[in-house]
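Visitor: Before we start, here is the structure in question, set down as structure tokens.
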Amino acid sequence: MPPKGKTAGKSTSSAKAGAARGSRPGRKPPPPITVGRPKPWGLIAATTAMVLFAAVVLGYAIYRVNQSSKNTPEAKAQAAKAIPGIVLKDFQQQVHKTTPIKYDESPPFGGPHDPTWADCTGTVYPSPIRSENAVHTLE
């Protein structure tokens with residue numbers, strides 16, 4: 001005969017374990033506990049603020065440089081005239097000729113020239129390049 005208060009075939013420890021697991025009919029088991037690293041919101045906010053600040057400062061500096069009256073070609077020409085030894089000449093641009101050209105100055109810095117430019121990517125030429133090609137590169 002089973003002891004009083006107990007049912008046949010079941011132990012009290014298995015009944016308690018079933019109740020602790022939430023195995024009662026109509027009841028959901030508890031959700032699993034997850035632990036994750038929190039997002040570093042302070043670092044994200046500080047980095048975003050610094051990037052925005054740098055962009056604003058750089059944009060303002062570029063704006064001020066472009067708005068400066070000293071950057072116009074006329075203002076630059078006037079400033080260059082004040083330097084001793086500077087020669088200012090106006091040349092018609094894009095006058096391309098394939099024939100040899102006699103220049104008044106050496107080295108030439110403007111005027112008619114060849115339509116092919118010299119390579120300015122660090123190439124070292126074994127002999128001097130044609131002045132006509134160098135002038136096109138200056139254009």
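For the structure tokens, the naming scheme is as follows: chains receive sequential letters (A, B, ...) according to their order of presentation, residues are indexed from 1 within each chain, and ligands are indexed from 1 in presentation order.
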Just the residues within 12 Å of range 118-132 of chain A, please, counting only C-alpha atoms, with nothing from its chain fewer than 5 positions along; format it as a list in words.

Guide: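 What passes the distance filter is Val95, His96, Lys97, Thr98, Thr99, Pro100, Ile101, Lys102, Tyr103, Asp104, Glu105, Ser106, Pro107, Pro108, Phe109, Gly110, Gly111, Pro112, His113, Thr137, Leu138 and Glu139 of chain A.
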
Visitor: Looking only at helix (DSSP H, G or I) from DSSP on the backbone, list the matching residues of range 52-106 of chain A as a ChimeraX atom specification.

Guide: /A:52-67,69-71,73-81

Visitor: For the residues in the current selection, export N, CA and C atoms as an mmCIF file, in the first residue's frame.

Guide:
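Saved to result-v7.cif:
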```
data_model
loop_
_atom_site.group_PDB
_atom_site.id
_atom_site.type_symbol
_atom_site.label_atom_id
_atom_site.label_comp_id
_atom_site.auth_asym_id
_atom_site.auth_seq_id
_atom_site.Cartn_x
_atom_site.Cartn_y
_atom_site.Cartn_z
ATOM 1 N N LEU A 52 31.433 65.374 -37.721
ATOM 2 C CA LEU A 52 30.618 66.513 -38.159
ATOM 3 C C LEU A 52 31.343 67.840 -37.937
ATOM 4 N N PHE A 53 32.024 67.970 -36.798
ATOM 5 C CA PHE A 53 32.775 69.191 -36.510
ATOM 6 C C PHE A 53 33.882 69.397 -37.537
ATOM 7 N N ALA A 54 34.623 68.335 -37.837
ATOM 8 C CA ALA A 54 35.700 68.431 -38.826
ATOM 9 C C ALA A 54 35.144 68.796 -40.201
ATOM 10 N N ALA A 55 34.005 68.223 -40.578
ATOM 11 C CA ALA A 55 33.403 68.527 -41.878
ATOM 12 C C ALA A 55 32.970 69.993 -41.943
ATOM 13 N N VAL A 56 32.411 70.512 -40.863
ATOM 14 C CA VAL A 56 31.978 71.913 -40.836
ATOM 15 C C VAL A 56 33.188 72.837 -40.920
ATOM 16 N N VAL A 57 34.238 72.543 -40.169
ATOM 17 C CA VAL A 57 35.437 73.398 -40.184
ATOM 18 C C VAL A 57 36.082 73.372 -41.566
ATOM 19 N N LEU A 58 36.222 72.193 -42.149
ATOM 20 C CA LEU A 58 36.829 72.080 -43.471
ATOM 21 C C LEU A 58 35.974 72.779 -44.530
ATOM 22 N N GLY A 59 34.673 72.599 -44.479
ATOM 23 C CA GLY A 59 33.781 73.261 -45.430
ATOM 24 C C GLY A 59 33.849 74.775 -45.317
ATOM 25 N N TYR A 60 33.903 75.284 -44.092
ATOM 26 C CA TYR A 60 33.995 76.732 -43.900
ATOM 27 C C TYR A 60 35.324 77.260 -44.421
ATOM 28 N N ALA A 61 36.403 76.528 -44.186
ATOM 29 C CA ALA A 61 37.718 76.966 -44.666
ATOM 30 C C ALA A 61 37.747 77.019 -46.186
ATOM 31 N N ILE A 62 37.195 76.012 -46.836
ATOM 32 C CA ILE A 62 37.148 75.999 -48.297
ATOM 33 C C ILE A 62 36.288 77.145 -48.814
ATOM 34 N N TYR A 63 35.173 77.388 -48.158
ATOM 35 C CA TYR A 63 34.292 78.491 -48.548
ATOM 36 C C TYR A 63 35.025 79.833 -48.443
ATOM 37 N N ARG A 64 35.752 80.045 -47.344
ATOM 38 C CA ARG A 64 36.457 81.310 -47.152
ATOM 39 C C ARG A 64 37.566 81.498 -48.184
ATOM 40 N N VAL A 65 38.273 80.414 -48.517
ATOM 41 C CA VAL A 65 39.337 80.515 -49.510
ATOM 42 C C VAL A 65 38.747 80.874 -50.870
ATOM 43 N N ASN A 66 37.627 80.269 -51.210
ATOM 44 C CA ASN A 66 37.009 80.555 -52.506
ATOM 45 C C ASN A 66 36.397 81.946 -52.565
ATOM 46 N N GLN A 67 35.997 82.505 -51.447
ATOM 47 C CA GLN A 67 35.378 83.823 -51.430
ATOM 48 C C GLN A 67 36.402 84.944 -51.327
ATOM 49 N N SER A 69 39.037 87.663 -52.115
ATOM 50 C CA SER A 69 39.281 88.462 -53.324
ATOM 51 C C SER A 69 40.713 88.305 -53.816
ATOM 52 N N LYS A 70 41.593 87.732 -52.992
ATOM 53 C CA LYS A 70 42.983 87.548 -53.399
ATOM 54 C C LYS A 70 43.146 86.372 -54.353
ATOM 55 N N ASN A 71 42.133 85.579 -54.541
ATOM 56 C CA ASN A 71 42.245 84.399 -55.392
ATOM 57 C C ASN A 71 41.764 84.624 -56.815
ATOM 58 N N PRO A 73 42.162 85.856 -60.681
ATOM 59 C CA PRO A 73 43.343 85.982 -61.545
ATOM 60 C C PRO A 73 43.894 87.405 -61.596
ATOM 61 N N GLU A 74 43.015 88.382 -61.562
ATOM 62 C CA GLU A 74 43.473 89.774 -61.603
ATOM 63 C C GLU A 74 44.249 90.137 -60.345
ATOM 64 N N ALA A 75 43.753 89.697 -59.196
ATOM 65 C CA ALA A 75 44.437 89.985 -57.930
ATOM 66 C C ALA A 75 45.782 89.266 -57.876
ATOM 67 N N LYS A 76 45.846 88.050 -58.405
ATOM 68 C CA LYS A 76 47.107 87.319 -58.431
ATOM 69 C C LYS A 76 48.111 88.005 -59.354
ATOM 70 N N ALA A 77 47.652 88.515 -60.502
ATOM 71 C CA ALA A 77 48.540 89.210 -61.432
ATOM 72 C C ALA A 77 49.082 90.486 -60.791
ATOM 73 N N GLN A 78 48.249 91.224 -60.075
ATOM 74 C CA GLN A 78 48.706 92.443 -59.400
ATOM 75 C C GLN A 78 49.728 92.116 -58.315
ATOM 76 N N ALA A 79 49.507 91.041 -57.587
ATOM 77 C CA ALA A 79 50.455 90.642 -56.550
ATOM 78 C C ALA A 79 51.772 90.185 -57.169
ATOM 79 N N ALA A 80 51.709 89.519 -58.314
ATOM 80 C CA ALA A 80 52.926 89.050 -58.982
ATOM 81 C C ALA A 80 53.747 90.216 -59.513
ATOM 82 N N LYS A 81 53.099 91.293 -59.948
ATOM 83 C CA LYS A 81 53.823 92.456 -60.480
ATOM 84 C C LYS A 81 54.714 93.091 -59.422
#
```

Visitor: How many Å separate CA of Lys89 in chain A from CA of Asp114 in chain A?

Guide: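 Pair CA of Lys89 in chain A / CA of Asp114 in chain A returns 19.4 Å.
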
Visitor: Which residues are close to Trp117 in chain A, i.e. within 8 Å by only C-alpha atoms, leaving aside same-chain residues fewer than 5 positions away? Reply as a VMD selection string.

Guide: chain A and resid 133 to 137

Visitor: Would you compute the distance between CA of Thr116 in chain A and CA of Gln93 in chain A? Give it in Å to one decimal.

Guide: 14.3 Å

Visitor: For the atom pair CA of Val51 in chain A and CA of Pro38 in chain A, what is the interatomic distance in Å to one decimal place?

Guide: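 We find that CA of Val51 in chain A and CA of Pro38 in chain A lie 22.9 Å from each other.
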